[in-house]
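Here is structure31.pdb, consisting of PDB, C-alpha atoms, pLDDT in the B column:
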ATOM      1  CA  MET A   1     -42.649   9.306  37.871  1.00 47.00           C
ATOM      2  CA  GLU A   2     -42.911  10.734  34.401  1.00 57.00           C
ATOM      3  CA  HIS A   3     -44.315   8.767  31.512  1.00 61.00           C
ATOM      4  CA  ARG A   4     -42.340   8.577  28.327  1.00 65.00           C
ATOM      5  CA  SER A   5     -43.658   8.022  24.871  1.00 74.00           C
ATOM      6  CA  GLN A   6     -42.477   5.082  22.829  1.00 77.00           C
ATOM      7  CA  VAL A   7     -40.429   7.399  20.623  1.00 75.00           C
ATOM      8  CA  GLU A   8     -38.574   8.869  23.606  1.00 74.00           C
ATOM      9  CA  SER A   9     -37.893   5.395  24.992  1.00 75.00           C
ATOM     10  CA  ALA A  10     -36.601   4.164  21.638  1.00 80.00           C
ATOM     11  CA  LEU A  11     -34.416   7.244  21.213  1.00 82.00           C
ATOM     12  CA  GLY A  12     -32.977   6.818  24.691  1.00 79.00           C
ATOM     13  CA  GLY A  13     -32.280   3.141  24.081  1.00 84.00           C
ATOM     14  CA  ALA A  14     -30.582   3.934  20.784  1.00 89.00           C
ATOM     15  CA  ALA A  15     -28.416   6.586  22.465  1.00 88.00           C
ATOM     16  CA  TYR A  16     -27.283   4.159  25.164  1.00 91.00           C
ATOM     17  CA  GLY A  17     -26.679   1.500  22.532  1.00 93.00           C
ATOM     18  CA  MET A  18     -24.462   3.869  20.551  1.00 94.00           C
ATOM     19  CA  LEU A  19     -22.488   4.702  23.696  1.00 93.00           C
ATOM     20  CA  PHE A  20     -21.916   0.977  24.169  1.00 95.00           C
ATOM     21  CA  VAL A  21     -20.744   0.662  20.546  1.00 96.00           C
ATOM     22  CA  LEU A  22     -18.440   3.670  21.033  1.00 94.00           C
ATOM     23  CA  GLY A  23     -16.891   1.910  24.031  1.00 95.00           C
ATOM     24  CA  VAL A  24     -16.405  -1.255  21.963  1.00 95.00           C
ATOM     25  CA  VAL A  25     -14.738   0.693  19.149  1.00 96.00           C
ATOM     26  CA  MET A  26     -12.457   2.488  21.612  1.00 94.00           C
ATOM     27  CA  GLY A  27     -11.525  -0.855  23.155  1.00 93.00           C
ATOM     28  CA  VAL A  28     -10.666  -2.470  19.818  1.00 94.00           C
ATOM     29  CA  VAL A  29      -8.689   0.436  18.394  1.00 94.00           C
ATOM     30  CA  GLY A  30      -7.024   1.290  21.703  1.00 92.00           C
ATOM     31  CA  GLY A  31      -6.131  -2.326  22.367  1.00 90.00           C
ATOM     32  CA  PHE A  32      -4.183  -2.591  19.130  1.00 90.00           C
ATOM     33  CA  THR A  33      -2.620   0.905  19.152  1.00 89.00           C
ATOM     34  CA  HIS A  34      -1.800   1.600  22.815  1.00 86.00           C
ATOM     35  CA  ALA A  35       1.818   0.559  22.387  1.00 83.00           C
ATOM     36  CA  VAL A  36       2.475   2.404  19.127  1.00 85.00           C
ATOM     37  CA  ARG A  37       4.284   5.475  20.441  1.00 84.00           C
ATOM     38  CA  GLN A  38       6.663   5.863  23.366  1.00 81.00           C
ATOM     39  CA  MET A  39       8.795   8.774  24.473  1.00 82.00           C
ATOM     40  CA  GLY A  40      11.560   7.178  26.481  1.00 82.00           C
ATOM     41  CA  PRO A  41       9.934   5.100  29.212  1.00 84.00           C
ATOM     42  CA  VAL A  42       6.586   6.938  28.923  1.00 87.00           C
ATOM     43  CA  PRO A  43       3.977   5.181  26.750  1.00 90.00           C
ATOM     44  CA  ILE A  44       2.438   8.272  25.125  1.00 91.00           C
ATOM     45  CA  ALA A  45      -0.188   6.392  23.100  1.00 91.00           C
ATOM     46  CA  ALA A  46      -1.443   4.521  26.176  1.00 92.00           C
ATOM     47  CA  VAL A  47      -1.712   7.758  28.166  1.00 93.00           C
ATOM     48  CA  VAL A  48      -3.643   9.408  25.319  1.00 94.00           C
ATOM     49  CA  TRP A  49      -6.049   6.442  25.153  1.00 94.00           C
ATOM     50  CA  VAL A  50      -6.638   6.576  28.909  1.00 95.00           C
ATOM     51  CA  LEU A  51      -7.393  10.308  28.738  1.00 96.00           C
ATOM     52  CA  ALA A  52      -9.698   9.781  25.755  1.00 96.00           C
ATOM     53  CA  LEU A  53     -11.548   7.002  27.581  1.00 95.00           C
ATOM     54  CA  PHE A  54     -12.000   9.230  30.619  1.00 96.00           C
ATOM     55  CA  ALA A  55     -13.277  12.092  28.451  1.00 96.00           C
ATOM     56  CA  VAL A  56     -15.727   9.883  26.551  1.00 95.00           C
ATOM     57  CA  CYS A  57     -17.134   8.229  29.685  1.00 94.00           C
ATOM     58  CA  LEU A  58     -17.427  11.510  31.595  1.00 94.00           C
ATOM     59  CA  GLY A  59     -18.917  13.273  28.582  1.00 93.00           C
ATOM     60  CA  ALA A  60     -21.437  10.476  28.099  1.00 92.00           C
ATOM     61  CA  GLY A  61     -22.439  10.665  31.755  1.00 90.00           C
ATOM     62  CA  LYS A  62     -22.855  14.433  31.666  1.00 90.00           C
ATOM     63  CA  LEU A  63     -24.680  14.556  28.334  1.00 88.00           C
ATOM     64  CA  MET A  64     -27.068  11.760  29.265  1.00 87.00           C
ATOM     65  CA  ARG A  65     -27.457  13.343  32.711  1.00 84.00           C
ATOM     66  CA  GLY A  66     -26.835  10.116  34.535  1.00 86.00           C
ATOM     67  CA  LYS A  67     -24.257   7.557  35.491  1.00 89.00           C
ATOM     68  CA  LEU A  68     -25.763   5.074  33.042  1.00 90.00           C
ATOM     69  CA  GLY A  69     -24.230   6.971  30.112  1.00 89.00           C
ATOM     70  CA  ALA A  70     -20.730   6.611  31.546  1.00 92.00           C
ATOM     71  CA  PHE A  71     -21.463   3.015  32.487  1.00 93.00           C
ATOM     72  CA  MET A  72     -22.538   1.983  28.981  1.00 94.00           C
ATOM     73  CA  ALA A  73     -19.368   3.341  27.341  1.00 94.00           C
ATOM     74  CA  ALA A  74     -17.263   1.719  30.067  1.00 95.00           C
ATOM     75  CA  VAL A  75     -18.941  -1.679  29.675  1.00 95.00           C
ATOM     76  CA  GLY A  76     -18.287  -1.627  25.931  1.00 95.00           C
ATOM     77  CA  TRP A  77     -14.601  -0.886  26.563  1.00 94.00           C
ATOM     78  CA  LEU A  78     -14.332  -3.540  29.276  1.00 95.00           C
ATOM     79  CA  LEU A  79     -15.967  -6.296  27.213  1.00 95.00           C
ATOM     80  CA  VAL A  80     -13.321  -5.865  24.536  1.00 94.00           C
ATOM     81  CA  THR A  81     -10.299  -5.054  26.686  1.00 92.00           C
ATOM     82  CA  MET A  82     -10.524  -7.894  29.189  1.00 91.00           C
ATOM     83  CA  PRO A  83     -10.333 -10.698  26.583  1.00 89.00           C
ATOM     84  CA  PHE A  84      -7.379  -8.867  24.999  1.00 87.00           C
ATOM     85  CA  THR A  85      -5.382  -9.562  28.174  1.00 87.00           C
ATOM     86  CA  LEU A  86      -5.756 -13.346  27.852  1.00 85.00           C
ATOM     87  CA  LYS A  87      -2.937 -15.344  26.343  1.00 81.00           C
ATOM     88  CA  LEU A  88      -4.187 -17.748  23.677  1.00 77.00           C
ATOM     89  CA  SER A  89      -2.794 -21.231  23.083  1.00 77.00           C
ATOM     90  CA  ALA A  90      -0.945 -19.969  20.019  1.00 75.00           C
ATOM     91  CA  GLY A  91       0.834 -17.416  22.202  1.00 69.00           C
ATOM     92  CA  ASP A  92      -1.043 -14.392  20.849  1.00 69.00           C
ATOM     93  CA  LEU A  93      -1.573 -11.520  23.235  1.00 79.00           C
ATOM     94  CA  VAL A  94      -2.971  -8.091  22.330  1.00 79.00           C
ATOM     95  CA  ILE A  95      -2.287  -6.219  25.578  1.00 80.00           C
ATOM     96  CA  ALA A  96       1.129  -7.481  26.639  1.00 79.00           C
ATOM     97  CA  ASP A  97       3.064  -7.103  29.872  1.00 81.00           C
ATOM     98  CA  GLY A  98       5.098  -3.946  30.135  1.00 85.00           C
ATOM     99  CA  PRO A  99       4.537  -0.238  30.711  1.00 88.00           C
ATOM    100  CA  PRO A 100       2.228   0.413  27.720  1.00 89.00           C
ATOM    101  CA  GLY A 101      -0.038  -2.506  28.621  1.00 89.00           C
ATOM    102  CA  TYR A 102      -0.128  -1.656  32.317  1.00 91.00           C
ATOM    103  CA  VAL A 103      -0.819   2.031  31.705  1.00 92.00           C
ATOM    104  CA  TYR A 104      -3.561   1.215  29.204  1.00 91.00           C
ATOM    105  CA  LEU A 105      -5.239  -1.465  31.313  1.00 92.00           C
ATOM    106  CA  TYR A 106      -4.967  -0.093  34.836  1.00 94.00           C
ATOM    107  CA  GLY A 107      -5.149   3.533  33.756  1.00 95.00           C
ATOM    108  CA  GLY A 108      -8.271   2.723  31.738  1.00 94.00           C
ATOM    109  CA  LEU A 109      -9.893   1.003  34.711  1.00 95.00           C
ATOM    110  CA  THR A 110      -9.084   4.006  36.898  1.00 96.00           C
ATOM    111  CA  ALA A 111     -10.416   6.366  34.225  1.00 96.00           C
ATOM    112  CA  ILE A 112     -13.778   4.643  33.921  1.00 95.00           C
ATOM    113  CA  VAL A 113     -14.242   4.475  37.696  1.00 94.00           C
ATOM    114  CA  ALA A 114     -13.363   8.177  38.033  1.00 93.00           C
ATOM    115  CA  ALA A 115     -15.666   9.135  35.154  1.00 93.00           C
ATOM    116  CA  TYR A 116     -18.508   7.110  36.662  1.00 91.00           C
ATOM    117  CA  LEU A 117     -18.071   8.736  40.068  1.00 90.00           C
ATOM    118  CA  LEU A 118     -17.859  12.239  38.570  1.00 89.00           C
ATOM    119  CA  SER A 119     -20.959  11.753  36.416  1.00 88.00           C
ATOM    120  CA  PRO A 120     -24.171  13.256  37.790  1.00 85.00           C
ATOM    121  CA  SER A 121     -26.877  11.096  39.268  1.00 81.00           C
ATOM    122  CA  SER A 122     -29.855  10.792  36.954  1.00 68.00           C
ATOM    123  CA  GLU A 123     -32.413  13.444  37.727  1.00 63.00           C
ATOM    124  CA  GLY A 124     -34.329  14.592  34.726  1.00 56.00           C
ATOM    125  CA  GLY A 125     -33.480  12.513  31.699  1.00 55.00           C
ATOM    126  CA  SER A 126     -30.971  13.154  28.976  1.00 54.00           C
ATOM    127  CA  TRP A 127     -30.293  16.279  26.970  1.00 52.00           C
ATOM    128  CA  LEU A 128     -31.165  14.240  23.899  1.00 56.00           C
ATOM    129  CA  LEU A 129     -34.743  13.741  24.975  1.00 54.00           C
ATOM    130  CA  HIS A 130     -35.503  16.984  26.778  1.00 55.00           C
ATOM    131  CA  GLY A 131     -32.929  19.590  25.716  1.00 55.00           C
ATOM    132  CA  TYR A 132     -31.099  21.888  28.064  1.00 51.00           C
ATOM    133  CA  PRO A 133     -33.180  23.566  30.747  1.00 55.00           C
ATOM    134  CA  GLN A 134     -34.009  27.214  30.239  1.00 56.00           C
ATOM    135  CA  LYS A 135     -32.402  29.608  32.690  1.00 61.00           C
ATOM    136  CA  ASN A 136     -34.690  32.191  34.212  1.00 62.00           C
ATOM    137  CA  SER A 137     -33.380  35.684  33.582  1.00 54.00           C
ATOM    138  CA  MET A 138     -34.455  38.554  35.717  1.00 54.00           C
TER
END
Whole structure given in structure tokens:
Amino acid sequence: MEHRSQVESALGGAAYGMLFVLGVVMGVVGGFTHAVRQMGPVPIAAVVWVLALFAVCLGAGKLMRGKLGAFMAAVGWLLVTMPFTLKLSAGDLVIADGPPGYVYLYGGLTAIVAAYLLSPSSEGGSWLLHGYPQKNSM
């Protein structure tokens, strides 16, 4: 097991924290804008948000070289999105029933599971801490 310095540990923690915040921001903005644009029966905005969530989670997993990167962005999105599905006593509901809400919610859940499964298992730390490995040229 390799030993990390305090600076590397702090930098890694900050990177994972920012991925969590990115997931939270995507959840808030996506929750309020997923039903903005439709083309016939197809909720275009919800589909775009699902694809963006997949790209962010997969990119986080690949750049951090581990599933934890994808997981942190996904947890941030989930912690915001799940309460948005609850109906309040005043009747307010952010993610309503209907095609845009279903595509955003269930498509988003599918996207984060797929991104997590496609992310590499952690092997050597993140690109942020160690850079990209040098390729041997012959």
Å distance separating atom CA of A:Gly12 from atom CA of A:Thr81, one decimal place | 25.7 Å
One residue among A:Val24, A:Ile112, A:Ile95, A:Ala35 is nearest to A:Lys67 when using only C-alpha atoms, and that residue is A:Ile112
Interatomic distance (Å, one decimal) between atom CA of A:Tyr116 and atom CA of A:Leu78 |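 Computing it gives 13.6 Å between the two atoms.
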Residue IDs satisfying the PyMOL selection byres ((chain A and resi 99) around 10), as a list in words =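 Written out, the selection comes to Ala35, Gln38, Pro41, Val42, Pro43, Ala46, Ala96, Asp97, Gly98, Pro100, Gly101, Tyr102, Val103, Tyr104 and Leu105 of chain A.
Using all atoms listed in the file, the nearest neighbour of A:Gly17 within the list A:Leu109, A:Leu117, A:Val29, A:Met72 is A:Met72.
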Might you spell out which residues the PyMOL selection byres ((chain A and resi 28) around 12) would select in the displayed file, as a PDB file with C-alpha atoms, in the coordinates of the input?
ATOM      1  CA  VAL A  21     -20.744   0.662  20.546  1.00 96.00           C
ATOM      2  CA  LEU A  22     -18.440   3.670  21.033  1.00 94.00           C
ATOM      3  CA  GLY A  23     -16.891   1.910  24.031  1.00 95.00           C
ATOM      4  CA  VAL A  24     -16.405  -1.255  21.963  1.00 95.00           C
ATOM      5  CA  VAL A  25     -14.738   0.693  19.149  1.00 96.00           C
ATOM      6  CA  MET A  26     -12.457   2.488  21.612  1.00 94.00           C
ATOM      7  CA  GLY A  27     -11.525  -0.855  23.155  1.00 93.00           C
ATOM      8  CA  VAL A  29      -8.689   0.436  18.394  1.00 94.00           C
ATOM      9  CA  GLY A  30      -7.024   1.290  21.703  1.00 92.00           C
ATOM     10  CA  GLY A  31      -6.131  -2.326  22.367  1.00 90.00           C
ATOM     11  CA  PHE A  32      -4.183  -2.591  19.130  1.00 90.00           C
ATOM     12  CA  THR A  33      -2.620   0.905  19.152  1.00 89.00           C
ATOM     13  CA  HIS A  34      -1.800   1.600  22.815  1.00 86.00           C
ATOM     14  CA  TRP A  49      -6.049   6.442  25.153  1.00 94.00           C
ATOM     15  CA  GLY A  76     -18.287  -1.627  25.931  1.00 95.00           C
ATOM     16  CA  TRP A  77     -14.601  -0.886  26.563  1.00 94.00           C
ATOM     17  CA  LEU A  78     -14.332  -3.540  29.276  1.00 95.00           C
ATOM     18  CA  LEU A  79     -15.967  -6.296  27.213  1.00 95.00           C
ATOM     19  CA  VAL A  80     -13.321  -5.865  24.536  1.00 94.00           C
ATOM     20  CA  THR A  81     -10.299  -5.054  26.686  1.00 92.00           C
ATOM     21  CA  MET A  82     -10.524  -7.894  29.189  1.00 91.00           C
ATOM     22  CA  PRO A  83     -10.333 -10.698  26.583  1.00 89.00           C
ATOM     23  CA  PHE A  84      -7.379  -8.867  24.999  1.00 87.00           C
ATOM     24  CA  VAL A  94      -2.971  -8.091  22.330  1.00 79.00           C
ATOM     25  CA  ILE A  95      -2.287  -6.219  25.578  1.00 80.00           C
TER      26      ILE A  95
END
Output stretch 50-61 of chain A as a CSV table (one decimal), in the frame of the given file, making sure all heavy atoms are there.
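So the final result, stored in rebuild-v8.csv, reads:
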chain,number,residue,atom,x,y,z
A,50,VAL,N,-6.0,6.5,27.6
A,50,VAL,CA,-6.6,6.6,28.9
A,50,VAL,C,-7.4,7.9,29.1
A,50,VAL,O,-8.5,8.0,29.6
A,50,VAL,CB,-5.6,6.4,30.0
A,50,VAL,CG1,-6.1,6.7,31.4
A,50,VAL,CG2,-5.1,4.9,30.0
A,51,LEU,N,-6.7,9.0,28.7
A,51,LEU,CA,-7.4,10.3,28.7
A,51,LEU,C,-8.6,10.4,27.8
A,51,LEU,O,-9.7,11.0,28.2
A,51,LEU,CB,-6.4,11.4,28.4
A,51,LEU,CG,-5.3,11.6,29.4
A,51,LEU,CD1,-4.3,12.6,28.8
A,51,LEU,CD2,-5.8,12.0,30.7
A,52,ALA,N,-8.5,9.8,26.7
A,52,ALA,CA,-9.7,9.8,25.8
A,52,ALA,C,-10.8,9.0,26.3
A,52,ALA,O,-12.0,9.4,26.3
A,52,ALA,CB,-9.3,9.2,24.4
A,53,LEU,N,-10.5,7.8,27.0
A,53,LEU,CA,-11.5,7.0,27.6
A,53,LEU,C,-12.2,7.7,28.7
A,53,LEU,O,-13.4,7.7,28.9
A,53,LEU,CB,-10.9,5.7,28.1
A,53,LEU,CG,-11.9,4.7,28.8
A,53,LEU,CD1,-12.9,4.2,27.8
A,53,LEU,CD2,-11.1,3.6,29.3
A,54,PHE,N,-11.4,8.4,29.5
A,54,PHE,CA,-12.0,9.2,30.6
A,54,PHE,C,-12.9,10.3,30.1
A,54,PHE,O,-14.0,10.5,30.6
A,54,PHE,CB,-10.9,9.9,31.5
A,54,PHE,CG,-11.4,10.8,32.5
A,54,PHE,CD1,-12.0,10.3,33.7
A,54,PHE,CD2,-11.3,12.2,32.4
A,54,PHE,CE1,-12.4,11.1,34.7
A,54,PHE,CE2,-11.8,13.0,33.3
A,54,PHE,CZ,-12.3,12.5,34.5
A,55,ALA,N,-12.5,11.0,29.0
A,55,ALA,CA,-13.3,12.1,28.5
A,55,ALA,C,-14.6,11.6,27.9
A,55,ALA,O,-15.6,12.2,28.0
A,55,ALA,CB,-12.5,12.8,27.4
A,56,VAL,N,-14.5,10.4,27.2
A,56,VAL,CA,-15.7,9.9,26.6
A,56,VAL,C,-16.7,9.4,27.6
A,56,VAL,O,-17.9,9.7,27.6
A,56,VAL,CB,-15.4,8.7,25.6
A,56,VAL,CG1,-16.6,7.9,25.2
A,56,VAL,CG2,-14.7,9.3,24.3
A,57,CYS,N,-16.2,8.7,28.6
A,57,CYS,CA,-17.1,8.2,29.7
A,57,CYS,C,-17.7,9.4,30.5
A,57,CYS,O,-18.9,9.4,30.8
A,57,CYS,CB,-16.4,7.3,30.6
A,57,CYS,SG,-16.0,5.7,29.8
A,58,LEU,N,-16.9,10.4,30.8
A,58,LEU,CA,-17.4,11.5,31.6
A,58,LEU,C,-18.4,12.3,30.7
A,58,LEU,O,-19.4,12.7,31.2
A,58,LEU,CB,-16.3,12.4,32.1
A,58,LEU,CG,-16.7,13.6,33.0
A,58,LEU,CD1,-17.4,13.1,34.2
A,58,LEU,CD2,-15.5,14.4,33.3
A,59,GLY,N,-18.0,12.5,29.5
A,59,GLY,CA,-18.9,13.3,28.6
A,59,GLY,C,-20.2,12.6,28.4
A,59,GLY,O,-21.3,13.2,28.4
A,60,ALA,N,-20.2,11.2,28.3
A,60,ALA,CA,-21.4,10.5,28.1
A,60,ALA,C,-22.3,10.6,29.3
A,60,ALA,O,-23.5,10.8,29.3
A,60,ALA,CB,-21.1,9.0,27.8
A,61,GLY,N,-21.7,10.5,30.5
A,61,GLY,CA,-22.4,10.7,31.8
A,61,GLY,C,-23.1,12.0,31.9
A,61,GLY,O,-24.2,12.2,32.3
